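A.B. asks: entry-v7.cif is reproduced below (mmCIF, C-alpha atoms and all ligand atoms).
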data_run
loop_
_atom_site.label_atom_id
_atom_site.label_comp_id
_atom_site.auth_asym_id
_atom_site.auth_seq_id
_atom_site.Cartn_x
_atom_site.Cartn_y
_atom_site.Cartn_z
CA MET A 15 11.51 16.45 -6.04
CA ALA A 16 13.89 17.63 -3.31
CA GLU A 17 17.53 16.63 -3.77
CA PRO A 18 18.79 14.64 -0.77
CA VAL A 19 21.38 16.37 1.37
CA ASN A 20 24.12 13.85 2.05
CA PRO A 21 24.21 13.09 5.80
CA ARG A 22 28.00 12.46 5.55
CA PRO A 23 29.05 14.89 2.88
CA HIS A 24 31.64 13.86 0.33
CA PRO A 25 32.25 17.17 -1.40
CA GLN A 26 33.85 15.47 -4.40
CA SER A 27 30.52 13.77 -5.20
CA LEU A 28 28.62 17.09 -5.56
CA ARG A 29 28.02 18.58 -8.99
CA ILE A 30 29.07 22.22 -8.60
CA ALA A 31 28.48 25.30 -10.78
CA ILE A 32 30.21 28.65 -10.50
CA VAL A 33 28.17 31.68 -11.63
CA GLY A 34 30.49 34.69 -11.97
CA ALA A 35 33.94 34.02 -13.43
CA GLY A 36 35.66 36.94 -11.71
CA ARG A 37 38.54 37.01 -9.24
CA LEU A 38 36.92 34.91 -6.53
CA GLY A 39 34.99 32.64 -8.91
CA GLN A 40 38.13 31.71 -10.84
CA THR A 41 40.11 31.00 -7.67
CA LEU A 42 37.37 29.00 -5.97
CA ALA A 43 36.70 26.93 -9.09
CA ARG A 44 40.38 26.12 -9.58
CA ALA A 45 40.97 25.39 -5.88
CA LEU A 46 37.97 23.04 -5.72
CA ALA A 47 38.89 21.30 -8.97
CA ALA A 48 42.45 20.79 -7.71
CA GLN A 49 40.95 18.87 -4.77
CA GLY A 50 38.95 16.59 -7.06
CA CYS A 51 35.61 18.42 -6.89
CA GLN A 52 33.42 18.32 -9.97
CA ILE A 53 32.92 21.81 -11.36
CA VAL A 54 30.44 20.76 -14.02
CA ALA A 55 29.58 24.24 -15.32
CA VAL A 56 30.75 27.82 -15.26
CA ALA A 57 28.69 30.86 -16.26
CA SER A 58 29.33 34.57 -16.25
CA ARG A 59 27.90 37.79 -17.59
CA SER A 60 30.15 37.41 -20.64
CA MET A 61 30.56 34.02 -22.33
CA PRO A 62 34.32 34.55 -23.08
CA ALA A 63 35.00 34.92 -19.33
CA ALA A 64 33.11 31.68 -18.62
CA GLN A 65 34.87 29.89 -21.49
CA ALA A 66 38.32 30.99 -20.32
CA LEU A 67 37.68 29.58 -16.85
CA ALA A 68 35.99 26.38 -18.06
CA ALA A 69 39.02 25.69 -20.30
CA ARG A 70 41.20 25.51 -17.16
CA LEU A 71 38.95 22.98 -15.42
CA PRO A 72 38.53 19.25 -16.17
CA ALA A 73 35.19 18.23 -17.78
CA CYS A 74 33.63 21.65 -17.26
CA ALA A 75 31.25 23.41 -19.67
CA ALA A 76 30.81 27.14 -20.16
CA LEU A 77 27.04 27.59 -20.27
CA PRO A 78 24.43 30.33 -20.13
CA ILE A 79 23.67 31.18 -16.49
CA GLU A 80 20.28 29.39 -16.38
CA GLU A 81 21.75 26.16 -17.81
CA ALA A 82 24.81 26.23 -15.53
CA ALA A 83 22.61 26.58 -12.46
CA ALA A 84 20.30 23.79 -13.64
CA ALA A 85 23.25 21.42 -14.19
CA ALA A 86 24.45 21.57 -10.57
CA GLU A 87 23.43 20.47 -7.08
CA LEU A 88 25.52 23.23 -5.49
CA VAL A 89 25.67 26.65 -7.15
CA PHE A 90 28.13 29.34 -6.03
CA LEU A 91 26.95 32.84 -6.98
CA THR A 92 30.31 34.60 -7.20
CA VAL A 93 28.88 37.75 -8.78
CA PRO A 94 29.33 41.27 -7.30
CA ASP A 95 27.32 41.72 -4.09
CA ASP A 96 24.82 44.05 -5.73
CA ALA A 97 24.02 41.40 -8.35
CA ILE A 98 23.43 38.48 -5.92
CA ALA A 99 19.72 39.09 -5.23
CA ALA A 100 18.87 39.77 -8.88
CA THR A 101 20.77 36.67 -10.04
CA ALA A 102 19.07 34.50 -7.39
CA SER A 103 15.65 35.86 -8.41
CA ALA A 104 16.22 35.33 -12.11
CA LEU A 105 16.95 31.59 -11.90
CA ARG A 106 14.64 28.58 -11.56
CA TRP A 107 15.70 26.62 -8.51
CA ARG A 108 14.78 23.05 -7.57
CA PRO A 109 13.81 22.06 -4.03
CA GLY A 110 16.93 20.80 -2.24
CA GLN A 111 19.37 22.52 -4.61
CA ARG A 112 22.09 24.43 -2.72
CA VAL A 113 22.68 28.11 -3.52
CA VAL A 114 25.64 29.82 -1.86
CA HIS A 115 27.08 33.31 -2.14
CA CYS A 116 30.65 34.23 -1.21
CA SER A 117 30.07 37.74 0.08
CA GLY A 118 31.14 38.86 3.53
CA ALA A 119 28.77 41.79 3.95
CA THR A 120 25.60 40.60 2.21
CA GLU A 121 23.02 38.79 4.35
CA LEU A 122 21.57 35.47 3.19
CA ALA A 123 18.27 37.33 2.69
CA ALA A 124 19.69 38.20 -0.75
CA LEU A 125 19.09 34.53 -1.62
CA ALA A 126 15.42 34.63 -0.46
CA ALA A 127 14.09 33.97 -3.97
CA ALA A 128 16.02 30.68 -4.12
CA GLN A 129 14.89 29.73 -0.61
CA GLU A 130 11.24 30.40 -1.53
CA ARG A 131 11.62 27.85 -4.31
CA GLY A 132 12.86 25.22 -1.86
CA ALA A 133 16.62 25.64 -2.28
CA LEU A 134 18.95 25.55 0.72
CA VAL A 135 20.90 28.78 0.99
CA GLY A 136 24.25 29.60 2.52
CA GLY A 137 27.22 31.93 2.74
CA PHE A 138 30.83 30.84 2.23
CA HIS A 139 33.10 33.86 2.61
CA PRO A 140 36.83 33.19 2.37
CA LEU A 141 38.52 35.89 4.45
CA GLN A 142 41.33 36.55 2.03
CA ILE A 143 42.20 39.02 -0.72
CA PHE A 144 41.49 37.79 -4.25
CA SER A 145 43.48 40.18 -6.39
CA ASP A 146 44.52 37.51 -8.87
CA PRO A 147 43.92 33.74 -8.85
CA GLU A 148 47.58 32.63 -8.77
CA ARG A 149 48.30 34.60 -5.61
CA ALA A 150 44.95 33.78 -4.01
CA LEU A 151 45.32 30.03 -4.62
CA ALA A 152 48.54 30.06 -2.62
CA LEU A 153 46.96 32.12 0.18
CA LEU A 154 43.84 29.98 0.68
CA PRO A 155 45.22 27.16 2.89
CA GLY A 156 45.18 28.39 6.48
CA SER A 157 42.81 31.29 5.75
CA THR A 158 39.49 31.57 7.52
CA VAL A 159 36.14 31.03 5.81
CA ALA A 160 32.96 32.41 7.36
CA ILE A 161 30.17 29.89 6.94
CA GLU A 162 26.49 30.57 7.44
CA ALA A 163 24.03 27.81 6.55
CA GLU A 164 21.70 25.36 8.16
CA GLY A 165 21.71 21.60 8.59
CA GLY A 166 23.05 19.49 5.75
CA LEU A 167 24.31 22.46 3.74
CA ALA A 168 26.38 23.69 6.70
CA ASP A 169 27.95 20.20 6.89
CA GLU A 170 28.72 20.27 3.17
CA LEU A 171 30.29 23.72 3.35
CA HIS A 172 32.39 22.65 6.34
CA ALA A 173 33.54 19.62 4.35
CA LEU A 174 34.49 21.89 1.43
CA ALA A 175 36.37 24.18 3.83
CA ALA A 176 38.34 21.22 5.20
CA LEU A 177 39.17 20.10 1.67
CA LEU A 178 40.58 23.55 0.85
CA GLY A 179 42.49 23.83 4.14
CA LEU A 180 40.27 26.72 5.28
CA GLN A 181 39.48 27.35 8.95
CA PRO A 182 35.70 27.64 9.44
CA LEU A 183 34.14 30.52 11.37
CA ALA A 184 30.40 30.45 12.13
CA LEU A 185 28.48 33.69 11.48
CA ARG A 186 25.15 34.57 13.04
CA PRO A 187 22.42 36.12 10.85
CA GLY A 188 22.41 39.92 10.94
CA THR A 189 26.11 40.27 11.77
CA ARG A 190 27.68 40.22 8.33
CA ALA A 191 28.14 43.98 7.74
CA ALA A 192 29.97 44.45 11.08
CA TYR A 193 32.01 41.26 10.59
CA HIS A 194 33.09 42.32 7.10
CA GLY A 195 33.61 46.02 7.87
CA ALA A 196 35.86 45.11 10.80
CA ALA A 197 37.93 42.80 8.61
CA SER A 198 38.75 45.84 6.42
CA PHE A 199 41.03 47.04 9.21
CA ALA A 200 43.23 43.99 8.55
CA ALA A 201 43.04 44.40 4.77
CA SER A 202 42.37 47.54 2.73
CA PHE A 203 42.78 49.89 5.71
CA LEU A 204 46.32 48.54 6.19
CA LEU A 205 46.98 49.96 2.74
CA SER A 206 45.51 53.29 3.85
CA MET A 207 47.89 53.27 6.83
CA LEU A 208 50.89 52.70 4.56
CA ASP A 209 49.57 55.39 2.24
CA GLU A 210 49.38 57.88 5.12
CA ALA A 211 52.99 57.10 6.06
CA ALA A 212 54.10 57.47 2.43
CA LEU A 213 52.24 60.82 2.12
CA VAL A 214 53.98 62.23 5.18
CA TRP A 215 57.38 60.99 3.99
CA GLU A 216 56.71 62.49 0.57
CA ALA A 217 55.90 65.84 2.23
CA ILE A 218 59.37 65.87 3.81
CA GLY A 219 61.08 64.95 0.54
CA LEU A 220 61.40 61.16 0.77
CA PRO A 221 60.44 59.42 -2.48
CA ARG A 222 57.18 57.44 -2.48
CA GLU A 223 58.80 54.27 -3.95
CA GLN A 224 61.25 54.31 -1.06
CA ALA A 225 58.41 54.46 1.45
CA LEU A 226 56.91 51.10 0.52
CA ARG A 227 60.32 49.43 0.38
CA SER A 228 61.19 50.70 3.84
CA LEU A 229 57.81 50.39 5.52
CA LEU A 230 56.83 46.88 4.39
CA PRO A 231 59.56 45.11 6.41
CA LEU A 232 58.47 47.17 9.43
CA ALA A 233 54.84 46.21 8.86
CA ARG A 234 55.80 42.52 8.53
CA GLY A 235 57.82 42.70 11.75
CA THR A 236 54.82 44.19 13.55
CA LEU A 237 52.48 41.47 12.25
CA ASP A 238 54.98 38.77 13.25
CA ALA A 239 55.16 40.25 16.76
CA ALA A 240 51.33 40.32 16.96
CA GLU A 241 51.23 36.64 15.99
CA ALA A 242 53.89 35.70 18.52
CA LYS A 243 52.81 37.86 21.48
CA GLY A 244 49.25 39.11 20.94
CA LEU A 245 48.30 42.74 20.24
CA ALA A 246 49.00 44.40 23.59
CA GLN A 247 52.38 42.75 24.22
CA ALA A 248 53.51 43.36 20.62
CA LEU A 249 53.02 47.11 21.04
CA ALA A 250 56.20 49.14 20.57
CA GLY A 251 56.86 52.85 20.00
CA PRO A 252 56.55 55.98 22.17
CA ILE A 253 53.06 55.32 23.53
CA SER A 254 54.06 51.85 24.74
CA ARG A 255 57.04 53.43 26.57
CA GLY A 256 55.20 56.45 27.87
CA ASP A 257 57.59 58.72 25.96
CA LEU A 258 55.53 61.90 26.12
CA GLY A 259 58.18 64.11 24.51
CA VAL A 260 58.28 61.99 21.34
CA VAL A 261 54.48 61.91 21.08
CA ALA A 262 54.41 65.72 21.47
CA ARG A 263 57.00 66.11 18.67
CA HIS A 264 55.00 63.74 16.42
CA LEU A 265 51.86 65.83 17.02
CA GLN A 266 53.69 69.06 16.24
CA ALA A 267 55.15 67.66 13.01
CA PHE A 268 51.83 66.20 11.85
CA ASP A 269 49.83 69.35 12.69
CA ALA A 270 52.34 71.39 10.69
CA LEU A 271 51.63 69.19 7.66
CA GLY A 272 47.87 69.73 7.85
CA ALA A 273 44.93 69.24 10.20
CA SER A 274 43.88 65.85 8.84
CA HIS A 275 47.31 64.31 9.49
CA GLY A 276 47.22 65.44 13.11
CA GLN A 277 43.63 64.26 13.61
CA PHE A 278 44.37 60.84 12.14
CA TYR A 279 47.45 60.43 14.35
CA ARG A 280 45.51 61.52 17.46
CA GLU A 281 42.61 59.14 16.83
CA LEU A 282 44.88 56.12 16.29
CA SER A 283 47.02 57.06 19.28
CA ARG A 284 43.94 57.28 21.52
CA ARG A 285 42.97 53.75 20.38
CA GLN A 286 46.53 52.63 21.07
CA LEU A 287 46.27 53.86 24.65
CA VAL A 288 43.76 51.07 25.28
CA LEU A 289 46.34 48.48 24.19
CA ALA A 290 49.07 50.25 26.18
CA SER A 291 46.85 50.06 29.24
CA GLU A 292 46.19 46.34 28.61
CA SER A 293 49.92 45.67 28.35
CA GLN A 294 50.28 46.96 31.97
CA ARG A 295 53.66 48.50 31.19
CA LEU A 296 52.59 52.06 32.07
CA ASP A 297 51.40 53.44 35.40
CA ALA A 298 48.05 55.22 35.69
CA GLN A 299 49.67 58.67 35.88
CA THR A 300 51.59 58.21 32.59
CA LEU A 301 48.47 56.90 30.87
CA ALA A 302 46.52 59.96 32.08
CA ARG A 303 49.26 62.36 30.85
CA LEU A 304 49.30 60.67 27.44
CA GLU A 305 45.51 60.91 27.27
CA ALA A 306 45.61 64.61 28.09
CA LEU A 307 48.33 65.24 25.50
CA LEU A 308 46.31 63.49 22.81
CA LYS A 309 43.18 65.48 23.73
CA SER A 310 44.97 68.82 23.38
CA ARG A 311 43.92 70.71 20.25
N1 LIG A 401 37.91 39.87 -4.44
C1 LIG A 401 37.97 39.60 -3.14
O1 LIG A 401 39.03 39.86 -2.51
C2 LIG A 401 36.81 38.93 -2.44
C3 LIG A 401 37.08 38.36 -1.17
C4 LIG A 401 36.04 37.68 -0.52
C5 LIG A 401 34.76 37.66 -1.07
N2 LIG A 401 34.54 38.26 -2.29
C6 LIG A 401 33.16 38.20 -2.81
O2 LIG A 401 33.14 37.44 -4.01
C7 LIG A 401 32.11 37.92 -4.86
C8 LIG A 401 32.72 38.24 -6.22
O3 LIG A 401 33.70 39.26 -6.04
P1 LIG A 401 34.95 39.40 -7.06
O4 LIG A 401 35.93 40.25 -6.38
O5 LIG A 401 35.33 38.07 -7.59
O6 LIG A 401 34.25 40.26 -8.21
P2 LIG A 401 34.71 40.42 -9.73
O7 LIG A 401 36.15 40.09 -9.89
O8 LIG A 401 34.19 41.72 -10.18
O9 LIG A 401 33.92 39.26 -10.45
C9 LIG A 401 32.53 39.23 -10.52
C10 LIG A 401 32.17 38.42 -11.76
O10 LIG A 401 30.75 38.32 -11.81
C11 LIG A 401 30.36 38.50 -13.14
N3 LIG A 401 29.06 39.18 -13.14
C12 LIG A 401 28.79 40.47 -12.88
N4 LIG A 401 27.47 40.69 -12.90
C13 LIG A 401 26.93 39.49 -13.22
C14 LIG A 401 25.60 39.07 -13.42
N5 LIG A 401 24.58 39.90 -13.29
N6 LIG A 401 25.41 37.77 -13.72
C15 LIG A 401 26.45 36.91 -13.85
N7 LIG A 401 27.73 37.25 -13.68
C16 LIG A 401 27.95 38.53 -13.36
C17 LIG A 401 31.39 39.32 -13.85
O11 LIG A 401 31.34 38.77 -15.13
P3 LIG A 401 32.11 39.09 -16.48
O12 LIG A 401 33.58 39.04 -16.13
O13 LIG A 401 31.68 37.96 -17.32
O14 LIG A 401 31.63 40.44 -16.93
C18 LIG A 401 32.66 39.05 -13.06
O15 LIG A 401 33.48 38.12 -13.69
C19 LIG A 401 31.50 39.15 -4.17
O16 LIG A 401 30.34 38.76 -3.47
C20 LIG A 401 32.59 39.56 -3.18
O17 LIG A 401 32.07 40.21 -2.03
C21 LIG A 401 35.53 38.89 -2.97
#
Could the structure of this file be written out as structure tokens, please?
Ligand SMILES: NC(=O)c1ccc[n+]([C@@H]2O[C@H](COP(=O)([O-])OP(=O)(O)OC[C@H]3O[C@@H](n4cnc5c(N)ncnc54)[C@H](OP(=O)(O)O)[C@@H]3O)[C@@H](O)[C@H]2O)c1

C.D. replies:
Amino acid sequence: MAEPVNPRPHPQSLRIAIVGAGRLGQTLARALAAQGCQIVAVASRSMPAAQALAARLPACAALPIEEAAAAAELVFLTVPDDAIAATASALRWRPGQRVVHCSGATELAALAAAQERGALVGGFHPLQIFSDPERALALLPGSTVAIEAEGGLADELHALAALLGLQPLALRPGTRAAYHGAASFAASFLLSMLDEAALVWEAIGLPREQALRSLLPLARGTLDAAEAKGLAQALAGPISRGDLGVVARHLQAFDALGASHGQFYRELSRRQLVLASESQRLDAQTLARLEALLKSR
């Protein structure tokens, strides 16, 4: 028999299971439990991982995957993306049961096997970095969560988001890879940017440890400015001023270090020209000269 979807969802009344006791599973379970949600069961590939998490949660059992899923009305599949479809296919779902993955890039089609058995399927992707649960728990309030689901399940996931202090963002089917790939520019690619700066500094004899110490305050200042003024108005540096001589010296220095450094700098600078143009601080002639300089070579 189909389980009724609560028309006015009270997330604390749902029996929830977490399948996959990794970085996100641990954080989500602990965050939900801290808000009074009932995490009735935890499962993972290895029983010790499930037991360690269950021990931190009130009235929660570490169970084999099949039993954990059967014990809950709402099951979060917090396994690696490549294991979502296989895990969903391997379990026996009841009509009306809710099955949700937490991936950004994987479409809900990965949960098709659960849907075919009458379960309601959804995506609940917290847009935050889960490197370890202590840090991630502190970062969750105020973060965005991308929600994709229909009807009653969408309402329940929105209620859970509100409980965790997450800001909901609706995703349309078929858009997840672009949504998630783009978010990398605000996450792991930021690290690649800092790494590029550290590599160049290292090449001129500045120690790598020094680079992070010196560059992080600069990065924070830039992010603060973006928050306060928006991207275009926060722009600083030679391109924003139309300082062609400095840009030319940067290009010379980077090209001398190797072709890939120069190419990377040129590509990012060309993208920055769009923001510089939006900021309306440069006249058309200066923008054209910068464009020509960045095309050279
Ligand atoms: N980490 C992030 O920053 C982040 C952010 C947003 C969304 N996500 C999403 O969250 C999901 C989980 O990512 P994660 O970073 O938490 O991964 P993770 O730390 O590697 O954890 C995955 C967990 O799933 C378990 N597992 C692996 N294969 C399994 C299977 N076949 N059946 C049952 N359990 C299995 C592993 O179990 P054992 O430990 O027992 O071996 C592991 O604990 C992914 O969909 C990811 O895209 C992650």

A.B. asks: At a cut-off of 8 Å around ligand LIG 401 (chain A), and using all atoms listed in the file, what residues come up? Please write them as an NGL selection string.

C.D. replies: :A and (33-40 or 57-64 or 79 or 91-98 or 100-101 or 115-120 or 139-145)

A.B. asks: For a test of reading the model, state the distance in Å between CA of Leu67 (chain A) and CA of Gln49 (chain A), rounded to one decimal.

C.D. replies: 16.5 Å

A.B. asks: Would you mind listing what lies within 9 Å of Arg222 (chain A) as an NGL selection string, with all atoms listed in the file counted and same-chain residues fewer than 4 positions away left out?

C.D. replies: :A and (212-213 or 215-216 or 226)

A.B. asks: Which of these residues is nearest to Ala124 (chain A), using only C-alpha atoms: A:Gly179, A:Gly137, A:Pro147, A:Gly256?

C.D. replies: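 When distances to Ala124 (chain A) are compared using only C-alpha atoms, the smallest one comes from A:Gly137.
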
A.B. asks: May I have the residues within 10 Å of Gln129 (chain A) as an NGL selection string, using all atoms listed in the file and disregarding those fewer than 3 positions away in the same chain?

C.D. replies: :A and (102-103 or 107-113 or 122-126 or 132-136)

A.B. asks: Taking 3 positions as the minimum chain separation for residues in the same chain, which residues sit within 9 Å of Leu88 (chain A) when counting only C-alpha atoms? Answer as a list in words.

C.D. replies: Leu28, Arg29, Ile30, Ala31, Ile32, Ala83, Gln111, Arg112, Val113 and Val114 of chain A

A.B. asks: Quote the spacing between CA of Ala176 (chain A) and CA of Ala75 (chain A) in Å to one decimal place.

C.D. replies: 26.0 Å

A.B. asks: Give me the residues within 7 Å of region 241-246 of chain A as a VMD selection string, counting all atoms listed in the file and dropping any in the same chain fewer than 2 places off.

C.D. replies: chain A and resid 237 to 239 248 to 249 289 to 290 292 to 293

A.B. asks: Print the selection's residues with C-alpha atoms to a file, as a PDB file, in the frame of the given file.

C.D. replies:
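As a result, part06.pdb now contains:
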ATOM      1  CA  LEU A 237      52.480  41.470  12.250  1.00  0.00           C
ATOM      2  CA  ASP A 238      54.980  38.770  13.250  1.00  0.00           C
ATOM      3  CA  ALA A 239      55.160  40.250  16.760  1.00  0.00           C
ATOM      4  CA  ALA A 248      53.510  43.360  20.620  1.00  0.00           C
ATOM      5  CA  LEU A 249      53.020  47.110  21.040  1.00  0.00           C
ATOM      6  CA  LEU A 289      46.340  48.480  24.190  1.00  0.00           C
ATOM      7  CA  ALA A 290      49.070  50.250  26.180  1.00  0.00           C
ATOM      8  CA  GLU A 292      46.190  46.340  28.610  1.00  0.00           C
ATOM      9  CA  SER A 293      49.920  45.670  28.350  1.00  0.00           C
TER      10      SER A 293
END

A.B. asks: Quick one: pull the distance between CA of Gln299 (chain A) and CA of Leu265 (chain A), Å, one decimal.

C.D. replies: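 CA of Gln299 (chain A) sits 20.3 Å away from CA of Leu265 (chain A).
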
A.B. asks: Just checking: using all atoms listed in the file, which residue out of A:Leu177, A:Gln26, A:Phe138, A:Ala262 ends up closest to Val159 (chain A)?

C.D. replies: A:Phe138

A.B. asks: Can you put N, CA and C atoms back into region 275-301 of chain A and show it as a compact mmCIF listing (two decimals), in the frame of the given file?

C.D. replies:
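Okay, this is what ended up in selection23.txt:
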# COMPACT_ATOMS: atom_id res chain seq x y z
N HIS A 275 46.23 65.21 9.04
CA HIS A 275 47.31 64.31 9.49
C HIS A 275 47.34 64.24 11.03
N GLY A 276 47.21 65.40 11.65
CA GLY A 276 47.22 65.44 13.11
C GLY A 276 46.02 64.72 13.71
N GLN A 277 44.85 64.91 13.09
CA GLN A 277 43.63 64.26 13.61
C GLN A 277 43.75 62.74 13.51
N PHE A 278 44.25 62.29 12.38
CA PHE A 278 44.37 60.84 12.14
C PHE A 278 45.33 60.24 13.18
N TYR A 279 46.46 60.91 13.40
CA TYR A 279 47.45 60.43 14.35
C TYR A 279 46.85 60.40 15.77
N ARG A 280 46.11 61.46 16.11
CA ARG A 280 45.51 61.52 17.46
C ARG A 280 44.52 60.38 17.67
N GLU A 281 43.66 60.17 16.67
CA GLU A 281 42.61 59.14 16.83
C GLU A 281 43.25 57.76 17.02
N LEU A 282 44.23 57.44 16.17
CA LEU A 282 44.88 56.12 16.29
C LEU A 282 45.64 56.01 17.60
N SER A 283 46.26 57.10 18.03
CA SER A 283 47.02 57.06 19.28
C SER A 283 46.09 56.84 20.47
N ARG A 284 44.91 57.49 20.42
CA ARG A 284 43.94 57.28 21.52
C ARG A 284 43.53 55.81 21.58
N ARG A 285 43.32 55.18 20.39
CA ARG A 285 42.97 53.75 20.38
C ARG A 285 44.14 52.92 20.92
N GLN A 286 45.36 53.39 20.64
CA GLN A 286 46.53 52.63 21.07
C GLN A 286 46.70 52.68 22.59
N LEU A 287 46.19 53.76 23.19
CA LEU A 287 46.27 53.86 24.65
C LEU A 287 45.56 52.68 25.33
N VAL A 288 44.50 52.20 24.70
CA VAL A 288 43.76 51.07 25.28
C VAL A 288 44.67 49.84 25.32
N LEU A 289 45.41 49.62 24.22
CA LEU A 289 46.34 48.48 24.19
C LEU A 289 47.48 48.70 25.18
N ALA A 290 47.97 49.95 25.25
CA ALA A 290 49.07 50.25 26.18
C ALA A 290 48.62 49.96 27.61
N SER A 291 47.38 50.30 27.91
CA SER A 291 46.85 50.06 29.24
C SER A 291 46.75 48.55 29.50
N GLU A 292 46.29 47.81 28.48
CA GLU A 292 46.19 46.34 28.61
C GLU A 292 47.55 45.69 28.84
N SER A 293 48.59 46.29 28.25
CA SER A 293 49.92 45.67 28.35
C SER A 293 50.50 45.81 29.77
N GLN A 294 49.89 46.73 30.56
CA GLN A 294 50.28 46.96 31.97
C GLN A 294 51.73 47.38 32.12
N ARG A 295 52.27 48.02 31.08
CA ARG A 295 53.66 48.50 31.19
C ARG A 295 53.71 49.93 31.70
N LEU A 296 52.59 50.65 31.66
CA LEU A 296 52.59 52.06 32.07
C LEU A 296 51.77 52.25 33.34
N ASP A 297 52.20 53.18 34.20
CA ASP A 297 51.40 53.44 35.40
C ASP A 297 50.23 54.37 35.04
N ALA A 298 49.29 54.48 35.95
CA ALA A 298 48.05 55.22 35.69
C ALA A 298 48.34 56.69 35.39
N GLN A 299 49.35 57.25 36.06
CA GLN A 299 49.67 58.67 35.88
C GLN A 299 50.18 58.93 34.44
N THR A 300 51.06 58.04 33.96
CA THR A 300 51.59 58.21 32.59
C THR A 300 50.47 58.06 31.57
N LEU A 301 49.60 57.08 31.80
CA LEU A 301 48.47 56.90 30.87
C LEU A 301 47.61 58.16 30.83
